[in-house]
>>> print(open('entry-v1.cif').read())   # mmCIF, C-alpha atoms
data_coords
#
loop_
_atom_site.group_PDB
_atom_site.id
_atom_site.type_symbol
_atom_site.label_atom_id
_atom_site.label_comp_id
_atom_site.auth_asym_id
_atom_site.auth_seq_id
_atom_site.Cartn_x
_atom_site.Cartn_y
_atom_site.Cartn_z
ATOM 1 C CA MET A 219 29.957 19.841 29.301
ATOM 2 C CA LEU A 220 27.553 18.646 26.623
ATOM 3 C CA ASP A 221 24.731 20.556 28.323
ATOM 4 C CA LEU A 222 26.851 23.709 28.435
ATOM 5 C CA LEU A 223 27.641 23.328 24.743
ATOM 6 C CA GLY A 224 23.985 22.786 23.935
ATOM 7 C CA VAL A 225 24.518 19.412 22.263
ATOM 8 C CA ALA A 226 23.408 16.943 24.962
ATOM 9 C CA ASP A 227 20.224 16.177 23.027
ATOM 10 C CA LEU A 228 22.340 14.705 20.209
ATOM 11 C CA PHE A 229 23.473 11.954 22.555
ATOM 12 C CA ASP A 230 20.393 11.207 24.690
ATOM 13 C CA SER A 231 21.416 8.579 27.243
ATOM 14 C CA ARG A 232 24.123 7.177 24.977
ATOM 15 C CA LYS A 233 27.101 8.832 26.610
ATOM 16 C CA PHE A 234 29.609 7.453 29.064
ATOM 17 C CA THR A 235 32.010 9.476 31.172
ATOM 18 C CA GLY A 236 34.709 6.892 31.880
ATOM 19 C CA GLU A 237 33.618 6.201 35.449
ATOM 20 C CA LEU A 238 33.557 2.463 34.835
ATOM 21 C CA VAL A 239 35.038 -0.336 36.927
ATOM 22 C CA ASN A 240 37.751 -0.792 34.300
ATOM 23 C CA LYS A 241 39.625 2.474 34.017
ATOM 24 C CA LYS A 242 41.236 3.854 30.880
ATOM 25 C CA PRO A 243 43.536 3.022 29.104
ATOM 26 C CA GLN A 244 42.335 -0.544 29.554
ATOM 27 C CA VAL A 245 40.491 -1.730 26.468
ATOM 28 C CA GLU A 246 37.881 -3.231 28.798
ATOM 29 C CA ALA A 247 36.801 0.285 29.765
ATOM 30 C CA PHE A 248 35.702 0.799 26.168
ATOM 31 C CA SER A 249 34.435 -2.723 25.461
ATOM 32 C CA GLY A 250 32.238 -2.408 28.555
ATOM 33 C CA ILE A 251 30.433 0.443 26.848
ATOM 34 C CA SER A 252 29.695 -1.549 23.697
ATOM 35 C CA ASP A 253 28.653 -4.543 25.811
ATOM 36 C CA HIS A 254 26.346 -2.366 27.919
ATOM 37 C CA LEU A 255 24.712 -0.895 24.827
ATOM 38 C CA GLY A 256 24.685 -4.176 22.910
ATOM 39 C CA VAL A 257 26.282 -2.406 19.951
ATOM 40 C CA ASP A 258 29.281 -3.407 17.861
ATOM 41 C CA PRO A 259 32.217 -1.084 18.677
ATOM 42 C CA SER A 260 32.503 -0.087 15.007
ATOM 43 C CA ARG A 261 29.172 1.748 15.408
ATOM 44 C CA LEU A 262 30.386 3.805 18.380
ATOM 45 C CA VAL A 263 32.217 7.133 18.465
ATOM 46 C CA SER A 264 34.782 8.055 21.100
ATOM 47 C CA ILE A 265 35.500 11.785 21.361
ATOM 48 C CA ARG A 266 38.457 12.253 23.660
ATOM 49 C CA ASP A 267 41.647 14.261 24.176
ATOM 50 C CA GLN A 268 44.392 11.799 25.106
ATOM 51 C CA GLU A 269 46.109 9.586 22.555
ATOM 52 C CA HIS A 270 47.344 6.820 24.865
ATOM 53 C CA ALA A 271 44.459 6.628 27.342
ATOM 54 C CA ASP A 272 41.566 7.431 25.006
ATOM 55 C CA ILE A 273 42.251 7.070 21.311
ATOM 56 C CA ALA A 274 44.470 3.952 21.274
ATOM 57 C CA PRO A 275 42.131 1.605 23.204
ATOM 58 C CA ALA A 276 39.021 2.833 21.391
ATOM 59 C CA ARG A 277 40.680 2.292 18.002
ATOM 60 C CA LYS A 278 41.910 -1.128 19.096
ATOM 61 C CA LEU A 279 38.250 -2.122 19.483
ATOM 62 C CA GLY A 280 37.323 -0.576 16.149
ATOM 63 C CA MET A 281 35.499 2.490 17.434
ATOM 64 C CA ILE A 282 35.390 5.665 15.378
ATOM 65 C CA THR A 283 37.655 8.147 17.144
ATOM 66 C CA VAL A 284 37.885 11.913 17.303
ATOM 67 C CA ARG A 285 40.776 13.478 19.151
ATOM 68 C CA ILE A 286 40.273 16.924 20.618
ATOM 69 C CA ALA A 287 43.545 18.667 19.812
ATOM 70 C CA THR A 288 45.138 21.205 17.509
ATOM 71 C CA LYS A 289 45.099 20.403 13.806
ATOM 72 C CA ASP A 290 48.885 19.904 13.736
ATOM 73 C CA THR A 291 48.717 17.161 16.404
ATOM 74 C CA VAL A 292 49.969 13.772 15.296
ATOM 75 C CA SER A 293 47.300 11.222 16.106
ATOM 76 C CA LYS A 294 45.995 7.858 15.019
ATOM 77 C CA ALA A 295 42.436 9.071 15.544
ATOM 78 C CA ASP A 296 40.047 8.956 12.610
ATOM 79 C CA PHE A 297 39.452 12.696 12.977
ATOM 80 C CA ILE A 298 40.976 15.635 14.834
ATOM 81 C CA ALA A 299 38.898 18.571 16.018
ATOM 82 C CA ARG A 300 39.648 21.653 18.127
ATOM 83 C CA ASP A 301 36.603 21.176 20.352
ATOM 84 C CA VAL A 302 33.463 19.086 20.801
ATOM 85 C CA ILE A 303 31.362 21.277 18.509
ATOM 86 C CA GLU A 304 33.885 20.886 15.702
ATOM 87 C CA ALA A 305 34.022 17.145 16.412
ATOM 88 C CA ILE A 306 30.254 16.832 16.042
ATOM 89 C CA ASN A 307 30.243 18.897 12.847
ATOM 90 C CA THR A 308 33.113 16.813 11.460
ATOM 91 C CA LEU A 309 31.233 13.597 12.209
ATOM 92 C CA LYS A 310 28.084 14.974 10.605
ATOM 93 C CA GLY A 311 30.079 16.036 7.527
ATOM 94 C CA ALA A 312 31.561 12.560 7.250
ATOM 95 C CA ALA A 313 28.041 11.073 7.584
ATOM 96 C CA VAL A 314 29.080 9.217 10.732
ATOM 97 C CA ILE A 315 26.240 10.664 12.824
#
>>> encode(input="entry-v1.cif", output="structure tokens")
Amino acid sequence: MLDLLGVADLFDSRKFTGELVNKKPQVEAFSGISDHLGVDPSRLVSIRDQEHADIAPARKLGMITVRIATKDTVSKADFIARDVIEAINTLKGAAVI
């Protein structure tokens, strides 16, 4: 999807698709990413579309979260965006990336 959107170069090899041994919504699925990268979770961004399976465990670890949803969606994510492009622009505007 990132290739189709023309934004894959923003992420290099620093993207994970969720195909880990520990499946979402287990927090270990997200902590495995920070462990693999050797980066504190607070320096990672999770852009996802499901509150329970995606946003909640990422936030529990302290990741920055962007939920892909409509603007009127109730979410505990740090940001809400309609699509990945808007998510990236929002993160850039907030000086996160």
>>> residues_near_point(input="entry-v1.cif", point="(41.4, 13.7, 15.3)", cutoff="10 Å", atoms="only C-alpha atoms", output="list in words")
Ile265, Arg266, Asp267, Glu269, Ile273, Thr283, Val284, Arg285, Ile286, Ala287, Thr288, Lys289, Asp290, Thr291, Val292, Ser293, Lys294, Ala295, Asp296, Phe297, Ile298, Ala299, Arg300, Ala305 and Thr308 of chain A
>>> closest_residue(input="entry-v1.cif", among="A:Gly224, A:Ala276, A:Met281, A:Val245", to="Val257 in chain A", atoms="only C-alpha atoms")
A:Met281
>>> closest_residue(input="entry-v1.cif", among="A:Asp227, A:Ile306, A:Leu222, A:Glu246", to="Leu279 in chain A", atoms="all atoms listed in the file")
A:Glu246
>>> atom_distance(input="entry-v1.cif", atom1="CA of Asp301 in chain A", atom2="CA of Gly256 in chain A")
28.1 Å
>>> atom_distance(input="entry-v1.cif", atom1="CA of Ile282 in chain A", atom2="CA of Gln244 in chain A")
17.0 Å
